[in-house]
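Below is the file entry11.cif, which contains mmCIF, C-alpha atoms, pLDDT in the B column; chains and numbers go by the auth columns.
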```cif
data_query
#
loop_
_atom_site.group_PDB
_atom_site.id
_atom_site.type_symbol
_atom_site.label_atom_id
_atom_site.label_comp_id
_atom_site.label_asym_id
_atom_site.label_seq_id
_atom_site.Cartn_x
_atom_site.Cartn_y
_atom_site.Cartn_z
_atom_site.B_iso_or_equiv
_atom_site.auth_seq_id
_atom_site.auth_asym_id
ATOM 1 C CA MET A 1 -68.827 -34.955 -29.465 87.00 955 A
ATOM 2 C CA MET A 2 -67.397 -34.798 -32.979 93.00 956 A
ATOM 3 C CA ARG A 3 -65.995 -31.657 -34.581 95.00 957 A
ATOM 4 C CA ILE A 4 -66.802 -31.277 -38.284 94.00 958 A
ATOM 5 C CA THR A 5 -67.210 -28.441 -40.764 93.00 959 A
ATOM 6 C CA SER A 6 -70.557 -27.431 -42.231 93.00 960 A
ATOM 7 C CA ARG A 7 -69.531 -29.055 -45.534 92.00 961 A
ATOM 8 C CA GLN A 8 -68.671 -32.315 -43.790 93.00 962 A
ATOM 9 C CA ARG A 9 -71.986 -32.149 -41.944 94.00 963 A
ATOM 10 C CA GLU A 10 -73.732 -31.817 -45.309 92.00 964 A
ATOM 11 C CA THR A 11 -71.856 -34.897 -46.560 91.00 965 A
ATOM 12 C CA LEU A 12 -72.872 -36.803 -43.440 94.00 966 A
ATOM 13 C CA PHE A 13 -76.599 -36.084 -43.598 95.00 967 A
ATOM 14 C CA GLU A 14 -76.954 -36.419 -47.373 92.00 968 A
ATOM 15 C CA ASN A 15 -75.427 -39.908 -47.294 92.00 969 A
ATOM 16 C CA GLU A 16 -77.518 -41.534 -44.550 94.00 970 A
ATOM 17 C CA ASP A 17 -78.762 -44.364 -46.819 95.00 971 A
ATOM 18 C CA TYR A 18 -75.209 -45.048 -47.995 93.00 972 A
ATOM 19 C CA PHE A 19 -74.011 -45.335 -44.372 94.00 973 A
ATOM 20 C CA LYS A 20 -76.868 -47.736 -43.569 95.00 974 A
ATOM 21 C CA LYS A 21 -75.844 -50.025 -46.446 95.00 975 A
ATOM 22 C CA LEU A 22 -72.176 -49.828 -45.494 93.00 976 A
ATOM 23 C CA ALA A 23 -72.962 -50.696 -41.874 94.00 977 A
ATOM 24 C CA GLU A 24 -74.610 -53.905 -43.067 95.00 978 A
ATOM 25 C CA ILE A 25 -71.730 -54.799 -45.381 95.00 979 A
ATOM 26 C CA ILE A 26 -68.526 -53.703 -43.628 93.00 980 A
ATOM 27 C CA GLY A 27 -69.640 -52.986 -40.078 92.00 981 A
ATOM 28 C CA ASP A 28 -67.587 -50.451 -38.148 93.00 982 A
ATOM 29 C CA VAL A 29 -64.657 -50.011 -40.580 94.00 983 A
ATOM 30 C CA PRO A 30 -63.950 -46.308 -41.251 94.00 984 A
ATOM 31 C CA VAL A 31 -64.578 -45.113 -44.818 93.00 985 A
ATOM 32 C CA THR A 32 -63.943 -41.850 -46.632 90.00 986 A
ATOM 33 C CA VAL A 33 -66.983 -40.190 -48.164 89.00 987 A
ATOM 34 C CA SER A 34 -66.782 -37.088 -50.352 86.00 988 A
ATOM 35 C CA TYR A 35 -68.163 -35.441 -53.463 83.00 989 A
ATOM 36 C CA HIS A 36 -66.410 -35.707 -56.821 82.00 990 A
ATOM 37 C CA ILE A 37 -66.722 -33.819 -60.081 85.00 991 A
ATOM 38 C CA GLU A 38 -66.012 -35.344 -63.459 86.00 992 A
ATOM 39 C CA ILE A 39 -63.134 -33.509 -65.148 87.00 993 A
ATOM 40 C CA ALA A 40 -62.741 -35.920 -68.081 85.00 994 A
ATOM 41 C CA PRO A 41 -64.253 -39.240 -69.131 85.00 995 A
ATOM 42 C CA CYS A 42 -63.322 -41.781 -66.440 85.00 996 A
ATOM 43 C CA GLU A 43 -61.516 -39.140 -64.350 88.00 997 A
ATOM 44 C CA GLU A 44 -62.894 -37.491 -61.244 86.00 998 A
ATOM 45 C CA MET A 45 -61.606 -34.967 -58.746 83.00 999 A
ATOM 46 C CA PRO A 46 -62.761 -34.645 -55.116 80.00 1000 A
ATOM 47 C CA VAL A 47 -64.522 -31.429 -54.107 83.00 1001 A
ATOM 48 C CA LYS A 48 -62.439 -29.793 -51.375 84.00 1002 A
ATOM 49 C CA GLY A 49 -63.882 -29.546 -47.897 85.00 1003 A
ATOM 50 C CA TYR A 50 -66.569 -32.214 -48.177 87.00 1004 A
ATOM 51 C CA GLU A 51 -64.333 -35.223 -47.428 90.00 1005 A
ATOM 52 C CA LEU A 52 -65.273 -37.068 -44.267 91.00 1006 A
ATOM 53 C CA LYS A 53 -63.575 -40.175 -42.855 93.00 1007 A
ATOM 54 C CA ILE A 54 -65.872 -41.953 -40.413 95.00 1008 A
ATOM 55 C CA SER A 55 -67.169 -45.402 -39.569 95.00 1009 A
ATOM 56 C CA PRO A 56 -70.736 -46.158 -40.708 95.00 1010 A
ATOM 57 C CA TYR A 57 -71.798 -46.813 -37.112 96.00 1011 A
ATOM 58 C CA ASP A 58 -70.425 -43.449 -35.928 96.00 1012 A
ATOM 59 C CA ALA A 59 -72.052 -41.693 -38.889 95.00 1013 A
ATOM 60 C CA LEU A 60 -75.452 -43.178 -38.109 96.00 1014 A
ATOM 61 C CA LYS A 61 -75.041 -42.312 -34.411 96.00 1015 A
ATOM 62 C CA LEU A 62 -74.330 -38.660 -35.317 96.00 1016 A
ATOM 63 C CA ILE A 63 -77.247 -38.518 -37.757 96.00 1017 A
ATOM 64 C CA ALA A 64 -79.577 -39.833 -35.055 97.00 1018 A
ATOM 65 C CA ASN A 65 -78.095 -37.476 -32.423 97.00 1019 A
ATOM 66 C CA PRO A 66 -77.070 -34.225 -34.145 96.00 1020 A
ATOM 67 C CA GLU A 67 -76.457 -32.620 -30.760 96.00 1021 A
ATOM 68 C CA LEU A 68 -73.225 -34.675 -30.682 96.00 1022 A
ATOM 69 C CA ILE A 69 -71.864 -32.585 -33.556 96.00 1023 A
ATOM 70 C CA GLU A 70 -69.785 -29.484 -32.939 96.00 1024 A
ATOM 71 C CA GLU A 71 -69.536 -27.416 -36.104 94.00 1025 A
ATOM 72 C CA VAL A 72 -66.157 -25.781 -36.733 94.00 1026 A
ATOM 73 C CA GLU A 73 -64.738 -23.635 -39.522 84.00 1027 A
#
```

For the structure just supplied, provide its representation as structure tokens.
Amino acid sequence: MMRITSRQRETLFENEDYFKKLAEIIGDVPVTVSYHIEIAPCEEMPVKGYELKISPYDALKLIANPELIEEVE
């Protein structure tokens, strides 16, 4: 069971293809995935609440088995 917020859950499910590619390239090494907004040319800022640090294998396991997710505030 993994506890994540609804925003992190959104990040997880919207990036399934990205996690599949990462799993092939880096295996089970944890990565941080989040959304960014451009605030100036060549400068970005992360969108609060969407950041998720997880290994590609764990991400794919949760996507395949959403019942393993406990949503928290």

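The point (-64.6, -34.2, -43.3) has these residues within 9 Å of it, counting all atoms listed in the file: Ile958, Thr959, Arg961, Gln962, Arg963, Thr965, Leu966, Thr986, Val987, Ser988, Gly1003, Tyr1004, Glu1005, Leu1006, Lys1007 and Ile1008 of chain A.
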
**OP:** Take the PyMOL selection byres ((chain A and resi 989) around 6), apply it to the structure above, and return the hits as an NGL selection string.
**Re:** :A and (988 or 990 or 1000-1001)

Original post:
What is the CA of Pro1020 (chain A)-CA of Ile991 (chain A) distance in Å, reported with one decimal?
Top reply: 27.9 Å

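Take CA of Glu1021 (chain A) and CA of Met955 (chain A): the distance between them is 8.1 Å.
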
Original post:
Neighbours of Leu976 (chain A) within 10 Å (all atoms listed in the file; same-chain residues fewer than 6 positions away dropped), as a list in words?
Top reply: Glu970, Asp982, Val983, Pro984, Val985, Ser1009, Pro1010 and Tyr1011 of chain A

Original post:
Please, what distance in Å, to one decimal, runs between CA of Tyr972 (chain A) and CA of Leu1014 (chain A)?
Top reply: 10.1 Å

Kindly complete region 959-970 of chain A to all heavy atoms; the output should be written as a short mmCIF file (atom, residue, chain, number, x, y, z; two decimals), keeping the file's coordinate frame.
```
data_model
loop_
_atom_site.label_atom_id
_atom_site.label_comp_id
_atom_site.auth_asym_id
_atom_site.auth_seq_id
_atom_site.Cartn_x
_atom_site.Cartn_y
_atom_site.Cartn_z
N THR A 959 -66.84 -29.69 -40.10
CA THR A 959 -67.21 -28.44 -40.76
C THR A 959 -68.64 -28.54 -41.28
O THR A 959 -69.22 -29.63 -41.35
CB THR A 959 -66.27 -28.14 -41.95
OG1 THR A 959 -66.47 -29.14 -42.96
CG2 THR A 959 -64.81 -28.11 -41.51
N SER A 960 -69.19 -27.42 -41.69
CA SER A 960 -70.56 -27.43 -42.23
C SER A 960 -70.62 -28.26 -43.51
O SER A 960 -71.62 -28.93 -43.78
CB SER A 960 -71.05 -26.01 -42.48
OG SER A 960 -70.23 -25.35 -43.41
N ARG A 961 -69.56 -28.24 -44.32
CA ARG A 961 -69.53 -29.06 -45.53
C ARG A 961 -69.50 -30.55 -45.20
O ARG A 961 -70.16 -31.35 -45.85
CB ARG A 961 -68.33 -28.68 -46.40
CG ARG A 961 -68.46 -27.34 -47.06
CD ARG A 961 -67.27 -27.03 -47.92
NE ARG A 961 -67.47 -25.80 -48.65
CZ ARG A 961 -66.58 -25.29 -49.47
NH1 ARG A 961 -65.43 -25.90 -49.66
NH2 ARG A 961 -66.84 -24.17 -50.11
N GLN A 962 -68.71 -30.91 -44.20
CA GLN A 962 -68.67 -32.32 -43.79
C GLN A 962 -70.02 -32.75 -43.21
O GLN A 962 -70.45 -33.88 -43.42
CB GLN A 962 -67.56 -32.54 -42.77
CG GLN A 962 -66.18 -32.42 -43.38
CD GLN A 962 -65.10 -32.45 -42.32
OE1 GLN A 962 -65.21 -31.84 -41.27
NE2 GLN A 962 -64.03 -33.18 -42.62
N ARG A 963 -70.66 -31.85 -42.49
CA ARG A 963 -71.99 -32.15 -41.94
C ARG A 963 -72.97 -32.43 -43.08
O ARG A 963 -73.77 -33.34 -43.01
CB ARG A 963 -72.47 -30.98 -41.08
CG ARG A 963 -73.81 -31.20 -40.44
CD ARG A 963 -74.27 -29.93 -39.73
NE ARG A 963 -75.59 -30.09 -39.22
CZ ARG A 963 -75.90 -30.29 -37.95
NH1 ARG A 963 -74.96 -30.33 -37.04
NH2 ARG A 963 -77.15 -30.43 -37.58
N GLU A 964 -72.88 -31.62 -44.14
CA GLU A 964 -73.73 -31.82 -45.31
C GLU A 964 -73.48 -33.20 -45.92
O GLU A 964 -74.42 -33.92 -46.25
CB GLU A 964 -73.43 -30.72 -46.34
CG GLU A 964 -74.30 -30.74 -47.55
CD GLU A 964 -73.95 -29.62 -48.51
OE1 GLU A 964 -73.56 -28.52 -48.07
OE2 GLU A 964 -74.08 -29.85 -49.72
N THR A 965 -72.21 -33.57 -46.04
CA THR A 965 -71.86 -34.90 -46.56
C THR A 965 -72.47 -35.99 -45.69
O THR A 965 -73.04 -36.95 -46.19
CB THR A 965 -70.32 -35.07 -46.60
OG1 THR A 965 -69.76 -34.07 -47.45
CG2 THR A 965 -69.93 -36.44 -47.12
N LEU A 966 -72.36 -35.82 -44.39
CA LEU A 966 -72.87 -36.80 -43.44
C LEU A 966 -74.37 -37.03 -43.61
O LEU A 966 -74.83 -38.15 -43.83
CB LEU A 966 -72.57 -36.33 -42.01
CG LEU A 966 -73.07 -37.19 -40.87
CD1 LEU A 966 -72.27 -38.48 -40.78
CD2 LEU A 966 -72.97 -36.43 -39.55
N PHE A 967 -75.15 -35.95 -43.57
CA PHE A 967 -76.60 -36.08 -43.60
C PHE A 967 -77.14 -36.47 -44.97
O PHE A 967 -78.16 -37.14 -45.06
CB PHE A 967 -77.26 -34.80 -43.07
CG PHE A 967 -77.21 -34.71 -41.57
CD1 PHE A 967 -76.16 -34.06 -40.94
CD2 PHE A 967 -78.19 -35.30 -40.79
CE1 PHE A 967 -76.09 -33.99 -39.56
CE2 PHE A 967 -78.13 -35.24 -39.41
CZ PHE A 967 -77.08 -34.58 -38.79
N GLU A 968 -76.48 -36.07 -46.04
CA GLU A 968 -76.95 -36.42 -47.37
C GLU A 968 -76.65 -37.87 -47.75
O GLU A 968 -77.16 -38.36 -48.75
CB GLU A 968 -76.37 -35.47 -48.41
CG GLU A 968 -77.00 -34.10 -48.33
CD GLU A 968 -76.56 -33.18 -49.44
OE1 GLU A 968 -75.78 -33.59 -50.32
OE2 GLU A 968 -77.01 -32.02 -49.43
N ASN A 969 -75.82 -38.54 -46.97
CA ASN A 969 -75.43 -39.91 -47.29
C ASN A 969 -75.91 -40.93 -46.27
O ASN A 969 -75.32 -42.00 -46.12
CB ASN A 969 -73.90 -39.99 -47.45
CG ASN A 969 -73.44 -39.31 -48.71
OD1 ASN A 969 -73.63 -39.83 -49.80
ND2 ASN A 969 -72.87 -38.13 -48.57
N GLU A 970 -77.00 -40.64 -45.58
CA GLU A 970 -77.52 -41.53 -44.55
C GLU A 970 -77.80 -42.94 -45.10
O GLU A 970 -77.39 -43.94 -44.48
CB GLU A 970 -78.79 -40.96 -43.92
CG GLU A 970 -79.35 -41.85 -42.82
CD GLU A 970 -80.56 -41.24 -42.14
OE1 GLU A 970 -81.03 -40.16 -42.55
OE2 GLU A 970 -81.03 -41.87 -41.18
#
```
